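Okay, work.pdb is below, PDB, C-alpha atoms:
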ATOM      1  CA  MET A   1     -28.668  -4.629 -25.972
ATOM      2  CA  LYS A   2     -30.539  -7.292 -24.021
ATOM      3  CA  ILE A   3     -31.101  -8.179 -20.423
ATOM      4  CA  ALA A   4     -29.637 -11.620 -20.008
ATOM      5  CA  SER A   5     -30.886 -14.295 -17.685
ATOM      6  CA  GLN A   6     -28.501 -16.098 -15.385
ATOM      7  CA  ASP A   7     -27.147 -19.142 -17.168
ATOM      8  CA  PRO A   8     -24.789 -21.921 -16.128
ATOM      9  CA  ALA A   9     -21.196 -21.674 -17.261
ATOM     10  CA  LYS A  10     -20.712 -23.569 -20.500
ATOM     11  CA  PHE A  11     -17.034 -23.813 -21.105
ATOM     12  CA  ARG A  12     -15.825 -25.142 -24.390
ATOM     13  CA  ARG A  13     -14.416 -28.628 -24.118
ATOM     14  CA  ALA A  14     -10.652 -28.729 -24.421
ATOM     15  CA  HIS A  15      -8.962 -31.399 -26.478
ATOM     16  CA  ARG A  16      -7.418 -32.979 -23.401
ATOM     17  CA  SER A  17      -7.828 -32.480 -19.694
ATOM     18  CA  GLU A  18      -5.014 -31.661 -17.303
ATOM     19  CA  ALA A  19      -4.419 -32.912 -13.782
ATOM     20  CA  VAL A  20      -3.846 -30.108 -11.294
ATOM     21  CA  ILE A  21      -3.145 -29.963  -7.589
ATOM     22  CA  LEU A  22      -5.380 -27.548  -5.679
ATOM     23  CA  PHE A  23      -3.654 -25.905  -2.740
ATOM     24  CA  THR A  24      -4.383 -23.032  -0.389
ATOM     25  CA  VAL A  25      -2.306 -20.083   0.695
ATOM     26  CA  ALA A  26      -3.777 -17.608   3.211
ATOM     27  CA  ASN A  27      -7.246 -19.116   2.608
ATOM     28  CA  GLN A  28      -7.032 -18.542  -1.148
ATOM     29  CA  MET A  29      -7.152 -21.512  -3.485
ATOM     30  CA  PHE A  30      -4.745 -21.977  -6.365
ATOM     31  CA  ALA A  31      -3.977 -24.731  -8.850
ATOM     32  CA  ILE A  32      -0.691 -25.981 -10.214
ATOM     33  CA  SER A  33      -0.163 -28.571 -12.913
ATOM     34  CA  ALA A  34       0.512 -31.957 -11.326
ATOM     35  CA  ASP A  35       3.224 -32.479 -13.965
ATOM     36  CA  ALA A  36       5.084 -29.465 -12.585
ATOM     37  CA  VAL A  37       5.336 -30.926  -9.069
ATOM     38  CA  GLN A  38       7.950 -33.559  -8.319
ATOM     39  CA  GLU A  39       7.288 -34.046  -4.638
ATOM     40  CA  ILE A  40       5.188 -32.725  -1.744
ATOM     41  CA  ARG A  41       6.788 -32.752   1.678
ATOM     42  CA  SER A  42       5.980 -31.397   5.091
ATOM     43  CA  THR A  43       8.072 -28.430   6.188
ATOM     44  CA  ASP A  44       9.166 -30.404   9.271
ATOM     45  CA  SER A  45      10.824 -33.010   7.080
ATOM     46  CA  LEU A  46      13.082 -30.375   5.495
ATOM     47  CA  ALA A  47      14.958 -29.583   8.698
ATOM     48  CA  GLY A  48      18.094 -31.553   7.726
ATOM     49  CA  SER A  49      18.311 -30.453   4.098
ATOM     50  CA  ALA A  50      17.420 -26.743   4.266
ATOM     51  CA  ASN A  51      19.875 -23.900   4.772
ATOM     52  CA  GLU A  52      19.093 -20.283   5.524
ATOM     53  CA  ILE A  53      19.902 -17.702   2.875
ATOM     54  CA  GLU A  54      20.109 -13.971   3.467
ATOM     55  CA  GLN A  55      19.007 -11.967   0.460
ATOM     56  CA  PRO A  56      17.002  -8.965   1.691
ATOM     57  CA  GLU A  57      16.041  -7.898  -1.837
ATOM     58  CA  ILE A  58      14.253 -11.210  -2.431
ATOM     59  CA  SER A  59      12.486 -11.575   0.892
ATOM     60  CA  LYS A  60      10.183 -14.358  -0.346
ATOM     61  CA  VAL A  61      13.217 -16.697  -0.356
ATOM     62  CA  ARG A  62      14.697 -17.426   3.057
ATOM     63  CA  HIS A  63      15.909 -20.997   2.603
ATOM     64  CA  THR A  64      17.678 -23.169   0.089
ATOM     65  CA  LEU A  65      17.150 -26.866  -0.308
ATOM     66  CA  GLU A  66      19.987 -29.157  -1.354
ATOM     67  CA  ARG A  67      18.950 -32.291  -3.222
ATOM     68  CA  ALA A  68      21.253 -34.454  -5.345
ATOM     69  CA  HIS A  69      23.995 -31.747  -5.268
ATOM     70  CA  ARG A  70      21.520 -29.237  -6.673
ATOM     71  CA  ILE A  71      20.345 -26.139  -4.830
ATOM     72  CA  SER A  72      16.681 -25.163  -5.024
ATOM     73  CA  TYR A  73      15.229 -21.967  -3.625
ATOM     74  CA  VAL A  74      12.274 -22.147  -1.243
ATOM     75  CA  VAL A  75       9.718 -19.481  -2.176
ATOM     76  CA  ASN A  76       7.096 -18.447   0.363
ATOM     77  CA  ALA A  77       3.883 -18.343  -1.710
ATOM     78  CA  CYS A  78       2.268 -15.817   0.680
ATOM     79  CA  GLU A  79       5.013 -13.296   0.073
ATOM     80  CA  HIS A  80       5.190 -14.102  -3.634
ATOM     81  CA  LEU A  81       1.457 -13.384  -4.019
ATOM     82  CA  ARG A  82       1.497 -10.438  -1.589
ATOM     83  CA  LEU A  83      -0.888 -12.183   0.799
ATOM     84  CA  ARG A  84      -0.830 -11.983   4.571
ATOM     85  CA  VAL A  85       1.921 -14.273   5.815
ATOM     86  CA  THR A  86       0.714 -17.544   7.338
ATOM     87  CA  ARG A  87       2.546 -20.540   8.737
ATOM     88  CA  PRO A  88       3.086 -22.915   5.818
ATOM     89  CA  THR A  89       3.023 -26.628   6.547
ATOM     90  CA  LEU A  90       3.888 -28.093   3.157
ATOM     91  CA  VAL A  91       6.439 -27.561   0.455
ATOM     92  CA  LEU A  92       5.862 -28.312  -3.230
ATOM     93  CA  ILE A  93       9.157 -29.271  -4.834
ATOM     94  CA  LEU A  94       8.858 -28.375  -8.491
ATOM     95  CA  ARG A  95      10.046 -30.598 -11.317
ATOM     96  CA  GLN A  96      12.792 -29.297 -13.642
ATOM     97  CA  MET A  97      12.883 -26.001 -11.752
ATOM     98  CA  ARG A  98      15.177 -25.058  -8.930
ATOM     99  CA  VAL A  99      12.180 -23.924  -6.926
ATOM    100  CA  ALA A 100      10.230 -25.270  -3.961
ATOM    101  CA  VAL A 101       7.068 -23.483  -2.842
ATOM    102  CA  LEU A 102       5.792 -23.129   0.717
ATOM    103  CA  VAL A 103       2.003 -23.519   0.910
ATOM    104  CA  ASP A 104      -0.544 -23.902   3.709
ATOM    105  CA  ARG A 105      -2.512 -26.953   2.631
ATOM    106  CA  ILE A 106      -3.185 -29.322  -0.257
ATOM    107  CA  GLU A 107      -6.899 -29.571  -0.989
ATOM    108  CA  ARG A 108      -7.066 -32.289  -3.636
ATOM    109  CA  MET A 109      -6.122 -33.230  -7.160
ATOM    110  CA  VAL A 110      -8.617 -32.657  -9.987
ATOM    111  CA  GLU A 111      -8.799 -32.837 -13.760
ATOM    112  CA  ILE A 112      -9.520 -29.537 -15.457
ATOM    113  CA  ALA A 113     -10.876 -29.264 -18.984
ATOM    114  CA  ALA A 114      -9.020 -26.078 -19.899
ATOM    115  CA  VAL A 115      -6.802 -23.287 -18.680
ATOM    116  CA  HIS A 116      -8.436 -20.035 -19.768
ATOM    117  CA  ALA A 117      -6.213 -17.088 -20.652
ATOM    118  CA  LEU A 118      -6.007 -14.398 -18.002
ATOM    119  CA  PRO A 119      -8.141 -11.491 -19.302
ATOM    120  CA  ARG A 120      -6.064  -8.657 -20.760
ATOM    121  CA  ALA A 121      -7.551  -6.352 -18.128
ATOM    122  CA  PHE A 122      -5.041  -7.847 -15.706
ATOM    123  CA  ASN A 123      -1.792  -6.046 -16.385
ATOM    124  CA  GLY A 124       0.220  -6.390 -13.150
ATOM    125  CA  GLU A 125       2.517  -9.016 -11.688
ATOM    126  CA  GLU A 126      -0.288 -11.570 -11.975
ATOM    127  CA  ARG A 127       0.581 -11.954 -15.663
ATOM    128  CA  THR A 128       3.815 -13.599 -14.483
ATOM    129  CA  TRP A 129       2.276 -15.392 -11.505
ATOM    130  CA  TYR A 130      -0.469 -17.208 -13.419
ATOM    131  CA  ARG A 131      -0.652 -19.398 -16.523
ATOM    132  CA  GLY A 132      -4.342 -18.634 -16.637
ATOM    133  CA  LEU A 133      -7.601 -19.410 -14.880
ATOM    134  CA  ALA A 134      -9.456 -22.676 -14.363
ATOM    135  CA  TYR A 135     -13.087 -23.324 -13.511
ATOM    136  CA  VAL A 136     -13.410 -25.932 -10.747
ATOM    137  CA  ASP A 137     -16.666 -26.655  -8.897
ATOM    138  CA  ASP A 138     -18.221 -23.288  -9.820
ATOM    139  CA  GLN A 139     -15.106 -21.482  -8.700
ATOM    140  CA  VAL A 140     -12.572 -19.598 -10.819
ATOM    141  CA  ILE A 141      -9.091 -20.537  -9.623
ATOM    142  CA  PRO A 142      -5.770 -19.114 -10.785
ATOM    143  CA  VAL A 143      -3.396 -21.696 -12.265
ATOM    144  CA  MET A 144       0.157 -20.955 -11.140
ATOM    145  CA  ASN A 145       2.948 -20.511 -13.649
ATOM    146  CA  PRO A 146       5.837 -22.672 -12.345
ATOM    147  CA  LYS A 147       8.311 -20.380 -14.153
ATOM    148  CA  GLY A 148       6.812 -17.325 -12.500
ATOM    149  CA  PHE A 149       8.042 -17.874  -8.955
ATOM    150  CA  LEU A 150      11.534 -16.484  -9.626
ATOM    151  CA  THR A 151      12.853 -14.435 -12.536
ATOM    152  CA  ALA A 152      16.177 -15.138 -14.265
ATOM    153  CA  GLU A 153      17.658 -12.089 -12.491
ATOM    154  CA  GLU A 154      16.430 -13.352  -9.113
ATOM    155  CA  PHE A 155      18.013 -16.773  -9.797
ATOM    156  CA  GLN A 156      21.327 -15.071 -10.637
ATOM    157  CA  GLN A 157      21.199 -12.942  -7.479
ATOM    158  CA  LEU A 158      20.311 -15.954  -5.310
ATOM    159  CA  ASP A 159      23.003 -18.127  -6.961
ATOM    160  CA  ARG A 160      25.630 -15.504  -6.100
ATOM    161  CA  THR A 161      24.450 -15.301  -2.477
ATOM    162  CA  ALA A 162      24.143 -19.088  -2.117
ATOM    163  CA  GLY A 163      27.607 -19.584  -3.663
ATOM    164  CA  ALA A 164      29.186 -17.122  -1.240
ATOM    165  CA  ALA A 165      27.416 -18.782   1.717
ATOM    166  CA  ALA A 166      28.584 -22.256   0.604
ATOM    167  CA  SER A 167      32.211 -21.051   0.341
ATOM    168  CA  ARG A 168      31.938 -19.524   3.813
ATOM    169  CA  ARG A 169      30.597 -22.786   5.235
ATOM    170  CA  GLU A 170      33.430 -24.753   3.558
ATOM    171  CA  MET A 171      36.044 -22.386   5.008
ATOM    172  CA  GLU A 172      34.495 -22.598   8.471
ATOM    173  CA  GLY A 173      34.507 -26.396   8.162
ATOM    174  CA  ALA A 174      38.173 -26.402   7.117
ATOM    175  CA  VAL A 175      39.169 -24.169  10.044
ATOM    176  CA  GLN A 176      37.322 -26.410  12.521
ATOM    177  CA  ALA A 177      38.979 -29.509  11.019
TER
ATOM    178  CA  MET B   1     -34.163  -1.934 -18.601
ATOM    179  CA  SER B   2     -36.441   0.804 -19.893
ATOM    180  CA  ALA B   3     -36.059   3.247 -22.769
ATOM    181  CA  ALA B   4     -36.234   7.034 -22.508
ATOM    182  CA  GLU B   5     -37.937   8.765 -25.450
ATOM    183  CA  HIS B   6     -35.811  11.250 -27.327
ATOM    184  CA  THR B   7     -35.504  12.052 -30.991
ATOM    185  CA  GLY B   8     -32.241  12.330 -32.940
ATOM    186  CA  GLY B   9     -28.765  11.782 -31.545
ATOM    187  CA  LYS B  10     -27.026   8.556 -30.576
ATOM    188  CA  SER B  11     -28.141   5.854 -28.171
ATOM    189  CA  TYR B  12     -26.738   5.741 -24.674
ATOM    190  CA  VAL B  13     -27.193   3.398 -21.755
ATOM    191  CA  LEU B  14     -27.961   5.310 -18.554
ATOM    192  CA  LEU B  15     -26.544   3.558 -15.524
ATOM    193  CA  GLN B  16     -26.565   4.172 -11.803
ATOM    194  CA  ILE B  17     -23.290   3.969  -9.872
ATOM    195  CA  GLY B  18     -23.627   4.821  -6.193
ATOM    196  CA  ASP B  19     -26.044   7.736  -6.033
ATOM    197  CA  ARG B  20     -25.147   9.166  -9.437
ATOM    198  CA  ARG B  21     -26.330   8.461 -12.974
ATOM    199  CA  PHE B  22     -23.911   8.209 -15.876
ATOM    200  CA  ALA B  23     -24.228   7.371 -19.558
ATOM    201  CA  MET B  24     -22.227   5.089 -21.817
ATOM    202  CA  SER B  25     -22.464   4.752 -25.583
ATOM    203  CA  ALA B  26     -24.823   1.851 -26.348
ATOM    204  CA  GLU B  27     -22.476   0.767 -29.168
ATOM    205  CA  ASN B  28     -20.010  -0.549 -26.583
ATOM    206  CA  VAL B  29     -22.533  -2.213 -24.297
ATOM    207  CA  SER B  30     -23.489  -5.823 -24.925
ATOM    208  CA  GLU B  31     -25.711  -6.788 -21.991
ATOM    209  CA  LEU B  32     -26.876  -6.163 -18.457
ATOM    210  CA  ALA B  33     -26.003  -9.255 -16.433
ATOM    211  CA  PRO B  34     -27.765 -10.255 -13.209
ATOM    212  CA  PRO B  35     -25.914 -10.338  -9.875
ATOM    213  CA  VAL B  36     -23.624 -13.349 -10.238
ATOM    214  CA  ARG B  37     -20.756 -14.514  -8.101
ATOM    215  CA  LEU B  38     -17.671 -12.318  -8.157
ATOM    216  CA  HIS B  39     -14.553 -14.488  -8.111
ATOM    217  CA  GLU B  40     -11.613 -12.778  -6.425
ATOM    218  CA  PHE B  41      -7.953 -13.802  -6.404
ATOM    219  CA  PRO B  42      -4.657 -12.011  -5.739
ATOM    220  CA  HIS B  43      -3.482  -9.542  -8.381
ATOM    221  CA  THR B  44      -1.948  -6.074  -8.547
ATOM    222  CA  THR B  45      -4.053  -4.359 -11.235
ATOM    223  CA  PRO B  46      -5.791  -1.230  -9.920
ATOM    224  CA  LEU B  47      -9.612  -1.080 -10.153
ATOM    225  CA  VAL B  48     -10.025  -4.737 -11.183
ATOM    226  CA  ALA B  49     -12.189  -6.363  -8.482
ATOM    227  CA  GLY B  50     -12.152  -9.897  -9.866
ATOM    228  CA  VAL B  51     -13.962 -11.838 -12.575
ATOM    229  CA  ILE B  52     -17.449 -13.126 -13.287
ATOM    230  CA  VAL B  53     -18.442 -15.994 -15.581
ATOM    231  CA  ARG B  54     -20.898 -15.069 -18.348
ATOM    232  CA  ARG B  55     -21.938 -17.271 -21.238
ATOM    233  CA  GLY B  56     -18.941 -19.520 -20.736
ATOM    234  CA  ARG B  57     -16.442 -16.664 -20.694
ATOM    235  CA  ILE B  58     -14.399 -15.220 -17.888
ATOM    236  CA  VAL B  59     -15.126 -11.487 -17.739
ATOM    237  CA  PRO B  60     -13.011  -9.060 -15.688
ATOM    238  CA  VAL B  61     -14.926  -6.739 -13.359
ATOM    239  CA  TYR B  62     -13.806  -3.138 -12.945
ATOM    240  CA  ASP B  63     -14.983  -1.524  -9.733
ATOM    241  CA  VAL B  64     -15.056   2.064 -10.981
ATOM    242  CA  SER B  65     -16.951   3.383  -7.941
ATOM    243  CA  PRO B  66     -13.770   4.611  -6.219
ATOM    244  CA  VAL B  67     -13.054   6.744  -9.327
ATOM    245  CA  LEU B  68     -16.602   8.046  -9.824
ATOM    246  CA  THR B  69     -17.918   8.316  -6.272
ATOM    247  CA  GLY B  70     -14.903   7.929  -3.999
ATOM    248  CA  LYS B  71     -16.442   4.814  -2.413
ATOM    249  CA  ARG B  72     -16.398   1.097  -3.133
ATOM    250  CA  SER B  73     -19.591  -0.263  -4.665
ATOM    251  CA  SER B  74     -22.099  -2.282  -2.633
ATOM    252  CA  ALA B  75     -22.146  -6.084  -2.676
ATOM    253  CA  HIS B  76     -25.474  -6.619  -4.473
ATOM    254  CA  ARG B  77     -25.359  -5.334  -7.986
ATOM    255  CA  PHE B  78     -25.894  -5.972 -11.647
ATOM    256  CA  TYR B  79     -23.093  -5.944 -14.164
ATOM    257  CA  LEU B  80     -23.090  -3.833 -17.298
ATOM    258  CA  ILE B  81     -20.982  -5.666 -19.838
ATOM    259  CA  ALA B  82     -19.162  -3.532 -22.374
ATOM    260  CA  ARG B  83     -16.276  -4.171 -24.753
ATOM    261  CA  ARG B  84     -12.838  -2.798 -24.004
ATOM    262  CA  ASN B  85     -10.347  -2.552 -26.858
ATOM    263  CA  PHE B  86      -6.739  -3.671 -26.584
ATOM    264  CA  GLY B  87      -5.277  -2.594 -29.915
ATOM    265  CA  ALA B  88      -6.926  -4.699 -32.606
ATOM    266  CA  LEU B  89      -8.374  -7.061 -30.001
ATOM    267  CA  SER B  90     -11.237  -6.488 -27.607
ATOM    268  CA  GLU B  91     -12.609  -8.278 -24.585
ATOM    269  CA  PRO B  92     -15.833  -8.035 -22.602
ATOM    270  CA  SER B  93     -15.510  -6.080 -19.381
ATOM    271  CA  ALA B  94     -18.037  -5.747 -16.573
ATOM    272  CA  ILE B  95     -18.875  -2.689 -14.497
ATOM    273  CA  PRO B  96     -20.998  -3.159 -11.349
ATOM    274  CA  VAL B  97     -24.101  -0.979 -11.480
ATOM    275  CA  SER B  98     -26.839  -0.449  -8.906
ATOM    276  CA  GLY B  99     -30.019  -1.872 -10.398
ATOM    277  CA  GLU B 100     -31.779  -1.061 -13.629
ATOM    278  CA  CYS B 101     -30.335   0.679 -16.655
ATOM    279  CA  GLU B 102     -32.186   2.828 -19.158
ATOM    280  CA  LEU B 103     -31.671   3.286 -22.893
ATOM    281  CA  ALA B 104     -31.786   6.911 -24.088
ATOM    282  CA  THR B 105     -31.177   8.740 -27.353
ATOM    283  CA  ALA B 106     -29.707  12.202 -27.075
ATOM    284  CA  GLU B 107     -27.170  14.633 -28.530
ATOM    285  CA  ILE B 108     -23.874  14.631 -26.668
ATOM    286  CA  GLN B 109     -22.627  17.994 -25.407
ATOM    287  CA  PRO B 110     -18.863  18.639 -25.253
ATOM    288  CA  PRO B 111     -17.135  17.982 -21.925
ATOM    289  CA  SER B 112     -16.092  20.845 -19.658
ATOM    290  CA  SER B 113     -12.414  21.737 -20.018
ATOM    291  CA  ASP B 114     -11.604  21.143 -16.349
ATOM    292  CA  GLY B 115     -13.440  17.819 -16.061
ATOM    293  CA  PRO B 116     -11.788  14.425 -15.659
ATOM    294  CA  GLU B 117     -10.536  12.647 -18.788
ATOM    295  CA  TYR B 118     -13.025   9.815 -18.444
ATOM    296  CA  ILE B 119     -15.972  12.175 -19.086
ATOM    297  CA  SER B 120     -16.324  12.473 -22.859
ATOM    298  CA  GLY B 121     -19.346  14.778 -22.778
ATOM    299  CA  SER B 122     -22.772  15.138 -21.254
ATOM    300  CA  LEU B 123     -26.405  14.495 -22.117
ATOM    301  CA  MET B 124     -29.451  16.524 -21.129
ATOM    302  CA  ILE B 125     -32.195  14.062 -20.231
ATOM    303  CA  GLY B 126     -35.202  16.072 -19.061
ATOM    304  CA  ASP B 127     -33.768  18.473 -16.484
ATOM    305  CA  GLU B 128     -30.906  16.177 -15.622
ATOM    306  CA  ARG B 129     -27.352  16.614 -16.943
ATOM    307  CA  ILE B 130     -25.707  13.207 -17.208
ATOM    308  CA  ASP B 131     -21.983  12.705 -17.779
ATOM    309  CA  VAL B 132     -20.999  10.314 -20.576
ATOM    310  CA  LEU B 133     -18.237   7.892 -19.595
ATOM    311  CA  ASP B 134     -15.252   6.982 -21.749
ATOM    312  CA  MET B 135     -14.706   3.333 -20.857
ATOM    313  CA  GLU B 136     -10.980   3.208 -21.707
ATOM    314  CA  ALA B 137     -10.114   6.407 -19.803
ATOM    315  CA  LEU B 138     -12.302   5.341 -16.881
ATOM    316  CA  VAL B 139     -10.747   1.933 -16.267
ATOM    317  CA  THR B 140      -7.236   3.344 -16.436
ATOM    318  CA  SER B 141      -8.021   6.190 -13.993
ATOM    319  CA  GLN B 142      -6.755   6.489 -10.453
ATOM    320  CA  PRO B 143      -9.249   6.108  -7.573
ATOM    321  CA  MET B 144     -10.273   9.412  -5.969
ATOM    322  CA  ASP B 145      -8.488  10.479  -2.823
ATOM    323  CA  ALA B 146     -10.202  12.471  -0.043
ATOM    324  CA  ASN B 147      -9.224  15.795  -1.694
ATOM    325  CA  ASP B 148     -10.867  14.802  -4.990
ATOM    326  CA  VAL B 149     -14.054  13.798  -3.167
ATOM    327  CA  ALA B 150     -14.196  17.177  -1.384
ATOM    328  CA  ARG B 151     -13.309  19.141  -4.552
ATOM    329  CA  ARG B 152     -16.055  17.491  -6.585
ATOM    330  CA  GLY B 153     -18.589  17.950  -3.782
ATOM    331  CA  ILE B 154     -19.450  14.243  -3.519
ATOM    332  CA  GLN B 155     -21.513  13.277  -0.469
TER
END

Transcribe the structure of this file into structure tokens.
Amino acid sequence: MKIASQDPAKFRRAHRSEAVILFTVANQMFAISADAVQEIRSTDSLAGSANEIEQPEISKVRHTLERAHRISYVVNACEHLRLRVTRPTLVLILRQMRVAVLVDRIERMVEIAAVHALPRAFNGEERTWYRGLAYVDDQVIPVMNPKGFLTAEEFQQLDRTAGAAASRREMEGAVQA
Amino acid sequence: MSAAEHTGGKSYVLLQIGDRRFAMSAENVSELAPPVRLHEFPHTTPLVAGVIVRRGRIVPVYDVSPVLTGKRSSAHRFYLIARRNFGALSEPSAIPVSGECELATAEIQPPSSDGPEYISGSLMIGDERIDVLDMEALVTSQPMDANDVARRGIQ
């Protein structure tokens, strides 16, 4: 055994870098692949296209977003990550996923050399939340897994609730007409 | 780190956690790392405090103080880096320790029958009886509650 001196991090170079968006939720920084994000909008701009959804078992989803006849579910990142709930100002609309994510702030976009596997020591929900860890400006930042915001079962449950709510709205519209 | 003189037996690293000394088999220990930045992020795994970066690798940090002493460890600390096995694979794991460690060679005595699972035996170093930690059992233990602290007579 040896006493080691403090040395700078020397990460192995990856074959290709990846562009990620750094964002904050409850003062914690996270990264998400830029390729996974289709659009970033302010929460204020969603007023016309968002509908409330009541699904007490999935409390992190309180709104749906209708775009091009497709319903996406708006996930509050604070609740998803079990952080104290803040007032999100932005929504990340994910590409090829029916998910939009409420976040507090976008920090910047950076290129990362590698996404490092989450150590096996982590055995909780974080294995679904994160693709891995990135090293940015001397800081280890979790890289979000875009598929980890909602499970297949949660999608099914939300689809049922959203379908029932849409039928109700149609019926109410027909009665008023 | 200094070495205690003993003849025969296996080598153990003696480490200080809170106000108690423990031992760990030297076979599992790879280095004593200086106080480096602990990176924290949300997760739900008990006892894992975050990660440190050592030699280009991301190393999980287990704060075992709540299990061993009933308290969280202090902010300024060294990290003892040991290997934890996951089936055929293993990964380096860090345990915060207070200051210097010592290398000792001694015969391990069997553990007491009513002791916690993470104590695999004890060493007699001079007049001091030092519990030997089982890394795997330790990091999968539950933190002590107030009753455990009182029962084990921890200050």

With a cut-off of 7 Å, could you pull out the residues of chain B touching chain A and give me the nearest pair of atoms for each, distance in Å to one decimal, using only C-alpha atoms, ordered by chain and ascending number, as a tab-separated table?
residue	atom	partner	partner_atom	distance
B:Val29	CA	A:Met1	CA	6.8
B:Ser30	CA	A:Met1	CA	5.4
B:Glu31	CA	A:Lys2	CA	5.3
B:Leu32	CA	A:Ile3	CA	5.1
B:Ala33	CA	A:Ala4	CA	5.6
B:Pro34	CA	A:Gln6	CA	6.3
B:His39	CA	A:Val140	CA	6.1
B:Pro42	CA	A:Leu81	CA	6.5
B:His43	CA	A:Glu126	CA	5.2
B:Thr44	CA	A:Gly124	CA	5.1
B:Thr45	CA	A:Gly124	CA	5.1
B:Val53	CA	A:Ala9	CA	6.5
B:Arg54	CA	A:Ala9	CA	6.7
B:Arg55	CA	A:Ala9	CA	6.0
B:Gly56	CA	A:Lys10	CA	4.4
B:Pro60	CA	A:Pro119	CA	6.5

Can you write just those residues out, C-alpha atoms, as a PDB file, keeping the file's coordinate frame?
ATOM      1  CA  VAL B  29     -22.533  -2.213 -24.297  1.00  0.00           C
ATOM      2  CA  SER B  30     -23.489  -5.823 -24.925  1.00  0.00           C
ATOM      3  CA  GLU B  31     -25.711  -6.788 -21.991  1.00  0.00           C
ATOM      4  CA  LEU B  32     -26.876  -6.163 -18.457  1.00  0.00           C
ATOM      5  CA  ALA B  33     -26.003  -9.255 -16.433  1.00  0.00           C
ATOM      6  CA  PRO B  34     -27.765 -10.255 -13.209  1.00  0.00           C
ATOM      7  CA  HIS B  39     -14.553 -14.488  -8.111  1.00  0.00           C
ATOM      8  CA  PRO B  42      -4.657 -12.011  -5.739  1.00  0.00           C
ATOM      9  CA  HIS B  43      -3.482  -9.542  -8.381  1.00  0.00           C
ATOM     10  CA  THR B  44      -1.948  -6.074  -8.547  1.00  0.00           C
ATOM     11  CA  THR B  45      -4.053  -4.359 -11.235  1.00  0.00           C
ATOM     12  CA  VAL B  53     -18.442 -15.994 -15.581  1.00  0.00           C
ATOM     13  CA  ARG B  54     -20.898 -15.069 -18.348  1.00  0.00           C
ATOM     14  CA  ARG B  55     -21.938 -17.271 -21.238  1.00  0.00           C
ATOM     15  CA  GLY B  56     -18.941 -19.520 -20.736  1.00  0.00           C
ATOM     16  CA  PRO B  60     -13.011  -9.060 -15.688  1.00  0.00           C
TER      17      PRO B  60
END

For a cutoff of 12 Å around the file-coordinate point (-9.2, -4.7, -25.8), which residues qualify once you count all atoms listed in the file? I'd like the result as a list in words. Pro119, Arg120, Ala121 and Phe122 of chain A; Asn28, Pro60, Ala82, Arg83, Arg84, Asn85, Phe86, Gly87, Ala88, Leu89, Ser90, Glu91, Pro92, Ser93, Met135, Glu136 and Val139 of chain B

Straight-line distance linking CA of Leu94 in chain A with CA of Glu39 in chain A, stated in Å to one decimal: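 Distance reported for this atom pair: 7.0 Å.
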
Nearest to Ala165 in chain A: which of A:Ala31, A:Leu46, A:Ile53, A:Val20 is it, counting only C-alpha atoms?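 Checking each candidate against Ala165 in chain A, we get A:Ile53 as the closest.
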
Straight-line distance linking CA of Gly70 in chain B with CA of Gly126 in chain B, stated in Å to one decimal: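 Taking CA of Gly70 in chain B as the start and CA of Gly126 in chain B as the end point, the length is 26.6 Å.
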
List the spatial neighbours of Arg62 in chain A as a ChimeraX atom specification - criterion: any atom at most 8 Å away, all atoms listed in the file, same-chain residues fewer than 2 positions off excluded. /A:52-55,59-60,64,74-75

Centre and size of axis-aligned box enclosing range 84-99 of chain A plus 5 Å each side, as JSON:
{"center_x": 7.2, "center_y": -21.3, "center_z": -2.5, "size_x": 26.0, "size_y": 28.6, "size_z": 32.4}

Exercise: Pro96 in chain B partners within 6 Å, all atoms listed in the file, chain neighbours under 5 positions left out, as a ChimeraX atom specification: /B:77-79

Where does the PyMOL selection byres ((chain B and resi 49) around 7) land in this file, that is, which residues does it pick, as a PyMOL selection string? chain B and resi 40+47-48+50+61-63

Care to translate the PyMOL selection byres ((chain A and resi 17) around 6) into actual residues of this file, as a ChimeraX atom specification? /A:16,18,112-113

Saved selection, atoms kept: C-alpha atoms, as an mmCIF file, in the coordinates of the input:
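Saved as part-v9.cif:
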data_model
loop_
_atom_site.group_PDB
_atom_site.id
_atom_site.type_symbol
_atom_site.label_atom_id
_atom_site.label_comp_id
_atom_site.auth_asym_id
_atom_site.auth_seq_id
_atom_site.Cartn_x
_atom_site.Cartn_y
_atom_site.Cartn_z
ATOM 1 C CA ARG A 16 -7.418 -32.979 -23.401
ATOM 2 C CA GLU A 18 -5.014 -31.661 -17.303
ATOM 3 C CA ILE A 112 -9.520 -29.537 -15.457
ATOM 4 C CA ALA A 113 -10.876 -29.264 -18.984
#

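Between CA of Leu138 in chain B and CA of Glu117 in chain B the interatomic distance comes to 7.8 Å.
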
Reference answer for the PyMOL selection byres ((chain A and resi 22) around 6), as a ChimeraX atom specification: /A:21,23,30-31,107-109

Distance query Ala36 in chain A at most 7 Å, all atoms listed in the file, self and fewer than 3 positions along chain excluded, as a count of residues only: 4

Using only C-alpha atoms, which residue out of A:Val25, A:Val115, A:Leu65, A:Leu102 lies closest to Ala47 in chain A? A:Leu65

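Shortest atom-to-atom contact with Asp131 in chain B among B:Leu68, B:Val59, B:Ile81, B:Val36: B:Leu68, counting all atoms listed in the file.
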
If you count only C-alpha atoms, which residues fall within 8 Å of Ile125 in chain B, apart from same-chain ones fewer than 4 positions away, as a list in words? Ala106, Arg129 and Ile130 of chain B

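Considering all atoms listed in the file, the residue among B:Gln142, B:Glu102, B:Arg57, B:Glu128 positioned nearest to Pro116 in chain B is B:Gln142.
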